[in-house]
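Structure file coords.txt (compact mmCIF, N, CA and C atoms) is printed below.
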# COMPACT_ATOMS: atom_id res chain seq x y z
N MET U 818 27.58 19.28 -28.31
CA MET U 818 28.87 18.62 -28.22
C MET U 818 28.68 17.20 -27.69
N ASP U 819 29.42 16.28 -28.27
CA ASP U 819 29.26 14.89 -27.85
C ASP U 819 30.01 14.64 -26.53
N ASP U 820 29.77 13.46 -25.98
CA ASP U 820 30.33 13.11 -24.65
C ASP U 820 31.85 13.12 -24.64
N GLU U 821 32.45 12.67 -25.73
CA GLU U 821 33.92 12.63 -25.77
C GLU U 821 34.51 14.04 -25.72
N ILE U 822 33.89 14.96 -26.42
CA ILE U 822 34.35 16.36 -26.38
C ILE U 822 34.16 16.93 -24.98
N GLN U 823 33.03 16.65 -24.37
CA GLN U 823 32.78 17.13 -23.00
C GLN U 823 33.84 16.58 -22.05
N HIS U 824 34.17 15.30 -22.20
CA HIS U 824 35.20 14.68 -21.37
C HIS U 824 36.56 15.35 -21.62
N LEU U 825 36.86 15.60 -22.88
CA LEU U 825 38.11 16.28 -23.23
C LEU U 825 38.18 17.66 -22.57
N LEU U 826 37.11 18.41 -22.63
CA LEU U 826 37.09 19.75 -22.03
C LEU U 826 37.29 19.69 -20.52
N ALA U 827 36.70 18.68 -19.88
CA ALA U 827 36.90 18.51 -18.43
C ALA U 827 38.36 18.18 -18.12
N LEU U 828 38.97 17.33 -18.93
CA LEU U 828 40.39 17.01 -18.76
C LEU U 828 41.26 18.23 -18.98
N LEU U 829 40.91 19.02 -19.97
CA LEU U 829 41.69 20.24 -20.25
C LEU U 829 41.58 21.23 -19.09
N ASP U 830 40.42 21.30 -18.47
CA ASP U 830 40.27 22.15 -17.27
C ASP U 830 41.23 21.71 -16.17
N LYS U 831 41.34 20.40 -15.98
CA LYS U 831 42.28 19.87 -14.98
C LYS U 831 43.72 20.21 -15.37
N ALA U 832 44.03 20.09 -16.65
CA ALA U 832 45.37 20.41 -17.13
C ALA U 832 45.71 21.88 -16.88
N VAL U 833 44.76 22.75 -17.15
CA VAL U 833 44.96 24.19 -16.91
C VAL U 833 45.24 24.43 -15.43
N ASP U 834 44.41 23.84 -14.58
CA ASP U 834 44.60 24.00 -13.13
C ASP U 834 45.97 23.51 -12.69
N GLU U 835 46.41 22.38 -13.26
CA GLU U 835 47.71 21.84 -12.89
C GLU U 835 48.84 22.81 -13.28
N MET U 836 48.78 23.32 -14.50
CA MET U 836 49.84 24.25 -14.94
C MET U 836 49.80 25.53 -14.11
N PHE U 837 48.62 26.04 -13.81
CA PHE U 837 48.52 27.24 -12.98
C PHE U 837 49.09 27.00 -11.59
N SER U 838 48.95 25.77 -11.09
CA SER U 838 49.48 25.47 -9.75
C SER U 838 51.00 25.53 -9.72
N TYR U 839 51.65 25.34 -10.87
CA TYR U 839 53.11 25.43 -10.95
C TYR U 839 53.58 26.87 -11.17
N GLY U 840 52.64 27.73 -11.55
CA GLY U 840 52.91 29.16 -11.66
C GLY U 840 54.05 29.53 -12.58
N ASP U 841 55.01 30.27 -12.03
CA ASP U 841 56.11 30.81 -12.82
C ASP U 841 57.31 29.87 -12.94
N GLU U 842 57.11 28.58 -12.63
CA GLU U 842 58.20 27.63 -12.82
C GLU U 842 58.54 27.56 -14.31
N SER U 843 59.82 27.42 -14.60
CA SER U 843 60.27 27.35 -15.99
C SER U 843 59.80 26.06 -16.63
N THR U 844 59.68 26.12 -17.93
CA THR U 844 59.36 24.94 -18.72
C THR U 844 60.44 24.80 -19.78
N PHE U 845 60.79 23.60 -20.13
CA PHE U 845 61.83 23.36 -21.13
C PHE U 845 61.19 23.28 -22.52
N SER U 846 60.45 24.32 -22.86
CA SER U 846 59.74 24.36 -24.14
C SER U 846 59.74 25.79 -24.65
N TYR U 847 58.97 26.04 -25.68
CA TYR U 847 58.89 27.40 -26.23
C TYR U 847 58.00 28.31 -25.40
N PHE U 848 57.40 27.80 -24.32
CA PHE U 848 56.69 28.62 -23.35
C PHE U 848 57.68 28.97 -22.24
N ASP U 849 57.61 30.18 -21.72
CA ASP U 849 58.53 30.58 -20.66
C ASP U 849 58.22 29.93 -19.33
N THR U 850 56.93 29.87 -18.99
CA THR U 850 56.53 29.34 -17.68
C THR U 850 55.37 28.36 -17.81
N CYS U 851 55.15 27.61 -16.75
CA CYS U 851 54.00 26.71 -16.71
C CYS U 851 52.70 27.50 -16.80
N ASN U 852 52.67 28.68 -16.18
CA ASN U 852 51.49 29.53 -16.26
C ASN U 852 51.17 29.87 -17.72
N ASP U 853 52.20 30.11 -18.53
CA ASP U 853 51.99 30.40 -19.95
C ASP U 853 51.36 29.20 -20.68
N VAL U 854 51.80 28.01 -20.33
CA VAL U 854 51.21 26.80 -20.91
C VAL U 854 49.73 26.74 -20.53
N GLY U 855 49.45 26.97 -19.25
CA GLY U 855 48.08 26.96 -18.77
C GLY U 855 47.21 27.97 -19.49
N LEU U 856 47.73 29.17 -19.71
CA LEU U 856 46.96 30.21 -20.40
C LEU U 856 46.65 29.80 -21.84
N PHE U 857 47.62 29.18 -22.51
CA PHE U 857 47.41 28.73 -23.89
C PHE U 857 46.32 27.66 -23.95
N VAL U 858 46.42 26.67 -23.07
CA VAL U 858 45.43 25.58 -23.04
C VAL U 858 44.06 26.15 -22.67
N GLN U 859 44.03 27.08 -21.74
CA GLN U 859 42.77 27.70 -21.32
C GLN U 859 42.11 28.44 -22.49
N ASP U 860 42.90 29.16 -23.27
CA ASP U 860 42.37 29.89 -24.41
C ASP U 860 41.74 28.94 -25.43
N VAL U 861 42.43 27.86 -25.75
CA VAL U 861 41.91 26.88 -26.71
C VAL U 861 40.64 26.23 -26.15
N THR U 862 40.63 25.93 -24.86
CA THR U 862 39.48 25.30 -24.23
C THR U 862 38.27 26.23 -24.27
N THR U 863 38.48 27.50 -24.00
CA THR U 863 37.39 28.48 -24.04
C THR U 863 36.80 28.57 -25.44
N LYS U 864 37.66 28.61 -26.45
CA LYS U 864 37.19 28.64 -27.84
C LYS U 864 36.36 27.39 -28.15
N ALA U 865 36.82 26.24 -27.70
CA ALA U 865 36.11 24.99 -27.96
C ALA U 865 34.73 25.00 -27.29
N ARG U 866 34.67 25.51 -26.08
CA ARG U 866 33.38 25.60 -25.37
C ARG U 866 32.40 26.51 -26.11
N ASN U 867 32.95 27.47 -26.83
CA ASN U 867 32.11 28.39 -27.60
C ASN U 867 31.84 27.89 -29.02
N GLY U 868 32.20 26.64 -29.28
CA GLY U 868 31.88 26.01 -30.55
C GLY U 868 32.98 25.99 -31.58
N ASP U 869 34.12 26.63 -31.31
CA ASP U 869 35.24 26.66 -32.25
C ASP U 869 36.21 25.54 -31.89
N LEU U 870 36.04 24.39 -32.53
CA LEU U 870 36.85 23.21 -32.21
C LEU U 870 38.15 23.16 -33.01
N GLU U 871 38.31 24.04 -33.98
CA GLU U 871 39.46 24.00 -34.88
C GLU U 871 40.80 24.09 -34.15
N ASP U 872 40.89 24.95 -33.15
CA ASP U 872 42.16 25.14 -32.44
C ASP U 872 42.55 23.96 -31.55
N LEU U 873 41.63 23.02 -31.33
CA LEU U 873 41.98 21.85 -30.53
C LEU U 873 43.16 21.10 -31.15
N SER U 874 43.32 21.19 -32.45
CA SER U 874 44.46 20.51 -33.10
C SER U 874 45.80 21.09 -32.63
N LYS U 875 45.81 22.34 -32.18
CA LYS U 875 47.06 22.94 -31.67
C LYS U 875 47.52 22.25 -30.39
N LEU U 876 46.59 21.62 -29.69
CA LEU U 876 46.94 20.95 -28.44
C LEU U 876 47.69 19.64 -28.68
N TRP U 877 47.65 19.14 -29.91
CA TRP U 877 48.43 17.93 -30.24
C TRP U 877 49.88 18.17 -29.88
N TYR U 878 50.39 19.37 -30.19
CA TYR U 878 51.80 19.70 -29.94
C TYR U 878 52.10 19.91 -28.45
N ILE U 879 51.08 20.13 -27.68
CA ILE U 879 51.25 20.31 -26.23
C ILE U 879 51.29 18.95 -25.53
N PHE U 880 50.37 18.05 -25.92
CA PHE U 880 50.19 16.80 -25.18
C PHE U 880 50.80 15.56 -25.81
N ALA U 881 51.41 15.68 -26.99
CA ALA U 881 52.08 14.53 -27.60
C ALA U 881 53.19 14.05 -26.66
N PRO U 882 53.47 12.75 -26.67
CA PRO U 882 54.53 12.23 -25.79
C PRO U 882 55.84 12.98 -26.00
N THR U 883 56.51 13.25 -24.92
CA THR U 883 57.78 13.99 -24.84
C THR U 883 57.68 15.39 -25.45
N SER U 884 56.55 16.01 -25.28
CA SER U 884 56.34 17.34 -25.83
C SER U 884 56.24 18.37 -24.70
N VAL U 885 55.58 19.49 -24.96
CA VAL U 885 55.51 20.61 -24.02
C VAL U 885 55.00 20.18 -22.64
N TRP U 886 53.97 19.37 -22.62
CA TRP U 886 53.39 18.97 -21.34
C TRP U 886 54.42 18.25 -20.48
N ASP U 887 55.11 17.32 -21.06
CA ASP U 887 56.16 16.59 -20.32
C ASP U 887 57.29 17.52 -19.92
N ASP U 888 57.65 18.44 -20.81
CA ASP U 888 58.73 19.39 -20.53
C ASP U 888 58.35 20.40 -19.45
N SER U 889 57.06 20.45 -19.11
CA SER U 889 56.57 21.37 -18.09
C SER U 889 56.26 20.66 -16.78
N GLY U 890 56.53 19.36 -16.71
CA GLY U 890 56.31 18.61 -15.48
C GLY U 890 54.88 18.19 -15.25
N GLY U 891 54.09 18.15 -16.32
CA GLY U 891 52.68 17.80 -16.18
C GLY U 891 52.43 16.32 -15.92
N SER U 892 51.26 16.04 -15.40
CA SER U 892 50.84 14.67 -15.07
C SER U 892 50.75 13.81 -16.32
N GLN U 893 51.41 12.67 -16.28
CA GLN U 893 51.41 11.72 -17.40
C GLN U 893 50.01 11.18 -17.67
N GLU U 894 49.25 10.92 -16.61
CA GLU U 894 47.91 10.35 -16.76
C GLU U 894 46.99 11.31 -17.53
N ILE U 895 46.99 12.57 -17.13
CA ILE U 895 46.15 13.56 -17.83
C ILE U 895 46.59 13.68 -19.28
N ALA U 896 47.89 13.77 -19.50
CA ALA U 896 48.40 13.93 -20.87
C ALA U 896 47.99 12.75 -21.75
N ASN U 897 48.10 11.55 -21.24
CA ASN U 897 47.75 10.37 -22.03
C ASN U 897 46.27 10.38 -22.42
N GLU U 898 45.40 10.72 -21.47
CA GLU U 898 43.96 10.76 -21.77
C GLU U 898 43.63 11.84 -22.79
N ILE U 899 44.21 13.02 -22.61
CA ILE U 899 43.96 14.12 -23.54
C ILE U 899 44.51 13.76 -24.92
N PHE U 900 45.73 13.27 -24.97
CA PHE U 900 46.34 12.97 -26.27
C PHE U 900 45.57 11.89 -27.03
N GLU U 901 45.05 10.93 -26.32
CA GLU U 901 44.28 9.88 -26.98
C GLU U 901 43.12 10.47 -27.79
N ILE U 902 42.42 11.41 -27.19
CA ILE U 902 41.28 12.03 -27.88
C ILE U 902 41.75 12.99 -28.97
N ILE U 903 42.74 13.81 -28.65
CA ILE U 903 43.26 14.78 -29.63
C ILE U 903 43.83 14.05 -30.85
N ASN U 904 44.59 13.00 -30.60
CA ASN U 904 45.21 12.26 -31.70
C ASN U 904 44.17 11.58 -32.59
N LYS U 905 43.10 11.15 -32.00
CA LYS U 905 42.05 10.45 -32.74
C LYS U 905 41.17 11.44 -33.55
N ARG U 906 40.88 12.59 -32.94
CA ARG U 906 39.87 13.47 -33.54
C ARG U 906 40.38 14.82 -34.04
N PHE U 907 41.53 15.25 -33.58
CA PHE U 907 41.97 16.61 -33.90
C PHE U 907 43.45 16.68 -34.27
N GLN U 908 43.91 15.72 -35.06
CA GLN U 908 45.31 15.75 -35.49
C GLN U 908 45.56 16.99 -36.34
N PRO U 909 46.75 17.58 -36.20
CA PRO U 909 47.08 18.73 -37.04
C PRO U 909 47.12 18.34 -38.51
N LYS U 910 46.81 19.30 -39.33
CA LYS U 910 46.79 19.02 -40.78
C LYS U 910 48.06 19.45 -41.43

Output the structure of this file as structure tokens.
Amino acid sequence: MDDEIQHLLALLDKAVDEMFSYGDESTFSYFDTCNDVGLFVQDVTTKARNGDLEDLSKLWYIFAPTSVWDDSGGSQEIANEIFEIINKRFQPK
């Protein structure tokens, strides 16, 4: 895996930790809780670490501006960094 992917995975780990820290707080998205958002991101991150990068495109819908991440109270800085990489390399088809 190249350095940019490694950096993305590290950022995603931070994102997962942030959502888990909010626990069962509601989110204004199709996820019921912040914990659910964290579990989804964690699942995609685990697959990517195991070499399956295809699902990373699903994160576009999580981290796009004014999307799930923002609706869940997530850090703008993390979202911007993650989205920059996802938008460049893993846009949905």

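Considering the residues U:Ile895, U:Ala865, U:Lys905, U:Thr850 and counting only C-alpha atoms, Trp877 of chain U has its shortest atom-to-atom contact with U:Lys905.
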
Around (49.4, 26.7, -12.8) in the file's own coordinates, what residues are found within 10 Å if you use only C-alpha atoms, given back as a PyMOL selection string?
chain U and resi 832-842+850-856

Which of these, U:Val861, U:Thr883, U:Leu828, U:Tyr847, has the shortest distance to Glu898 of chain U once you count only C-alpha atoms?
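Once distances to Glu898 of chain U are computed over only C-alpha atoms, the minimum belongs to U:Leu828.
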
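You can rank U:Ser874, U:Thr863, U:Ile902, U:Asp888 by their closest distance to Asp820 of chain U using only C-alpha atoms, and at the top of that list sits U:Ile902.
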
Quick one: of U:Leu876, U:Asp849, U:Phe857, U:Leu870, who's nearest to Ile899 of chain U, counting only C-alpha atoms?
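Closest residue, counting only C-alpha atoms: U:Leu876.
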
Could you work out how far atom C of Ser884 of chain U lies from atom C of Ala827 of chain U, giving the answer in Å with one decimal?
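Atom-to-atom, atom C of Ala827 of chain U to atom C of Ser884 of chain U, that is 19.1 Å.
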
Nearest to Arg906 of chain U by atom-to-atom distance, counting all atoms listed in the file, from U:Phe848, U:Leu826, U:Leu873, U:Thr862:
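With all atoms listed in the file as the atom set, the closest residue is U:Leu873.
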
For Pro909 of chain U, the nearest of the candidates U:Lys864, U:Tyr878, U:Asp819, U:Glu894, counting all atoms listed in the file
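Once distances to Pro909 of chain U are computed over all atoms listed in the file, the minimum belongs to U:Tyr878.
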
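Interatomic distance, atom CA of Asn904 of chain U against atom CA of Asp872 of chain U: 13.3 Å.
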